[in-house]
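Notes to accompany the following structure.
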Amino acid sequence: MRVHTDNATDLGETVAAEETSEPVESKTQASKRTEDSGGAENSGGVEDTSGAEEITEADDAACEDSSDSPNADEGKEAEAAKTNKRRINWPRVVAYGVIPGLALLAAAAAGFLKWQDTSARDSKMAAVESLAAAKDSSAALLSYQPDSADKDLGAAKDRLTGAFKESHTKLTHDVIIPGAKQRHISAIATVPAAASVSATPNHAVALIFVDQTVVIGNDAPTDTASTIRVTLDKIGGRWLISGFDPI
C-alpha cells in the first residue's frame with residue numbers, strides 16, 4: 001500500500017508539473033503571437049505610410065498643376081491681347097484715317113489750284129492795266145506845248161510816284177518848262193508798241209517803244225525813236241510810274 005501511495009504521489013506530481021508547464025507554454029505562444037501580430041501591424045503601418053506619402057505627393061502635384069493653370073490661362077490671355085493689339089483693323093483705318101486724309105489733300109489741292117488760278121488771273125489783269133498805264137503816262141510825260149507847258153507837265157506829274165516823281169518834277173520846273181517858253185519848243189509823243197515784262201497785283205514792269213516829234217520855233221520837226229523801261233506800282237487803285245529808264 002505504501003508503494004502504491006508513493007506511486008500515486010509521483011503520478012500527482014508529474015501531472016501537476018505538466019499542468020504548470022502548459023500555461024507557461026501557452027503564455028510563450030501567446031507572446032509570440034503578440035510579437036507576430038505586432039510585427040505584422042508594424043509592417044502594415046510602414047506600407048500604409050508609404051502609400052499615404054504617395055497620395056500626398058500626388059495631391060501636391062495636382063495642387064501645383066491647379067496653381068499653374070491660372071498662370072497659363074493668364075499668359076494665353078496676354079498673348080491673345082497682344083495679338084489683338086498687333087492686328088490692324090484695316091476697314092477702320094481706311095474709314096477714319098485714309099479717307100479723311102485724302103479729302104483733306106483734295107481740299108488743299110483744290111484750294112491751291114483756285115489760288116493759283118486767281119493769282120494767274122490777277123497777274124494777267126495787272127499786266128493789261130499796267131501796260132495801258134505805262135503807254136498813256138509815258139506819252140503824257142513826253143508831250144507838251146510852249147504856251148501850256150506848266151499845265152501839261154503839271155498834269156503828267158500826277159501819274160508819277162516815289163523818288164522818280166520828285167526828280168522829274170524838279171527837271172520839268174528847272175529845265176523843260178523854261179526852255180519850252182523861251183524857245184517855243186513843242187513835243188508830241190506816241191507809243192506804237194509796248195510789252196509787259198512782269199506783273200503782279202501791285203507791281204509791274206513794261207517795255208515801251210516811243211516815237212517823239214519835237215519842233216523848236218520855226219525849225220523843221222525832229223523825230224526820235226526810243227525804248228524805255230517803265231516801272232509801275234499800284235497805289236490807291238492807280239498804276240503810277242516809279243521808274244523811267246531809257247535803254
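The way I read the labels, and the way they are meant: chains A, B, ... in the order of the C-alpha cells, residue 1 as the first residue of every chain, and ligand 1 as the first ligand shown, with later ones counted on from there.
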Open item on the list: Which residues are near Ser198 in chain A? Cut-off 12 Å, only C-alpha atoms, ignore same chain within fewer than 2 positions. Put them as a PyMOL selection string.
Closed with: chain A and resi 123-128+130-131+195-196+200-207+229-233
Determine, counting only C-alpha atoms, which protein, DNA and RNA residues have an atom within 7 Å of an atom of range 138-153 of chain A; residues of the same chain fewer than 2 positions away are not included. Present the result as a PDB file with N, CA and C atoms, in the first residue's frame.
```
ATOM      1  N   ALA A 134       1.273 152.487-118.558  1.00  0.00           N
ATOM      2  CA  ALA A 134       2.628 152.842-118.996  1.00  0.00           C
ATOM      3  C   ALA A 134       2.597 153.593-120.324  1.00  0.00           C
ATOM      4  N   LYS A 135       1.773 153.136-121.259  1.00  0.00           N
ATOM      5  CA  LYS A 135       1.681 153.795-122.560  1.00  0.00           C
ATOM      6  C   LYS A 135       1.103 155.208-122.439  1.00  0.00           C
ATOM      7  N   ASP A 136      -0.007 155.327-121.695  1.00  0.00           N
ATOM      8  CA  ASP A 136      -0.648 156.639-121.574  1.00  0.00           C
ATOM      9  C   ASP A 136       0.222 157.622-120.788  1.00  0.00           C
ATOM     10  N   ALA A 155      -0.005 168.189-115.097  1.00  0.00           N
ATOM     11  CA  ALA A 155      -0.978 167.078-115.108  1.00  0.00           C
ATOM     12  C   ALA A 155      -0.254 165.730-115.176  1.00  0.00           C
ATOM     13  N   ALA A 156       0.855 165.683-115.891  1.00  0.00           N
ATOM     14  CA  ALA A 156       1.613 164.431-116.001  1.00  0.00           C
ATOM     15  C   ALA A 156       2.252 164.055-114.671  1.00  0.00           C
ATOM     16  N   LYS A 157       2.516 165.106-113.834  1.00  0.00           N
ATOM     17  CA  LYS A 157       3.146 164.810-112.542  1.00  0.00           C
ATOM     18  C   LYS A 157       2.284 163.902-111.663  1.00  0.00           C
ATOM     19  N   ILE A 177      10.172 173.357-118.711  1.00  0.00           N
ATOM     20  CA  ILE A 177       9.172 174.429-118.836  1.00  0.00           C
ATOM     21  C   ILE A 177       9.829 175.761-119.217  1.00  0.00           C
ATOM     22  N   ALA A 180      10.848 175.468-122.921  1.00  0.00           N
ATOM     23  CA  ALA A 180       9.704 175.441-123.837  1.00  0.00           C
ATOM     24  C   ALA A 180       9.148 176.839-124.044  1.00  0.00           C
ATOM     25  N   LYS A 181       9.107 177.655-123.033  1.00  0.00           N
ATOM     26  CA  LYS A 181       8.578 179.001-123.146  1.00  0.00           C
ATOM     27  C   LYS A 181       9.536 179.920-123.888  1.00  0.00           C
ATOM     28  N   HIS A 184      10.108 178.274-127.584  1.00  0.00           N
ATOM     29  CA  HIS A 184       8.899 177.816-128.265  1.00  0.00           C
ATOM     30  C   HIS A 184       9.051 176.371-128.736  1.00  0.00           C
ATOM     31  N   ILE A 185       9.330 175.555-127.763  1.00  0.00           N
ATOM     32  CA  ILE A 185       9.531 174.128-128.064  1.00  0.00           C
ATOM     33  C   ILE A 185       8.217 173.388-127.793  1.00  0.00           C
ATOM     34  N   SER A 186       7.878 172.570-128.735  1.00  0.00           N
ATOM     35  CA  SER A 186       6.725 171.689-128.579  1.00  0.00           C
ATOM     36  C   SER A 186       7.154 170.255-128.850  1.00  0.00           C
ATOM     37  N   ALA A 187       6.485 169.316-128.139  1.00  0.00           N
ATOM     38  CA  ALA A 187       6.824 167.895-128.316  1.00  0.00           C
ATOM     39  C   ALA A 187       5.541 167.066-128.287  1.00  0.00           C
ATOM     40  N   ILE A 188       5.513 166.124-129.202  1.00  0.00           N
ATOM     41  CA  ILE A 188       4.373 165.197-129.272  1.00  0.00           C
ATOM     42  C   ILE A 188       4.944 163.778-129.302  1.00  0.00           C
ATOM     43  N   ALA A 189       4.458 162.912-128.336  1.00  0.00           N
ATOM     44  CA  ALA A 189       4.963 161.543-128.242  1.00  0.00           C
ATOM     45  C   ALA A 189       3.827 160.548-128.425  1.00  0.00           C
ATOM     46  N   THR A 190       4.174 159.468-129.081  1.00  0.00           N
ATOM     47  CA  THR A 190       3.242 158.355-129.260  1.00  0.00           C
ATOM     48  C   THR A 190       3.963 157.054-128.897  1.00  0.00           C
ATOM     49  N   VAL A 191       3.193 156.068-128.578  1.00  0.00           N
ATOM     50  CA  VAL A 191       3.748 154.738-128.194  1.00  0.00           C
ATOM     51  C   VAL A 191       3.152 153.717-129.153  1.00  0.00           C
TER      52      VAL A 191
END
```
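Distances here use only C-alpha atoms; by that measure, the residue among A:Ala108, A:Ser242, A:Ile235, A:Val210 closest to Asp223 in chain A is A:Val210.
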Task: For CA of Gly237 in chain A and CA of Ala133 in chain A, the interatomic separation in Å (one decimal) - done: 11.9 Å
Open item on the list: For a test of reading the model, state the distance in Å between CA of Thr224 in chain A and CA of Asp211 in chain A, rounded to one decimal.
Closed with: 5.7 Å
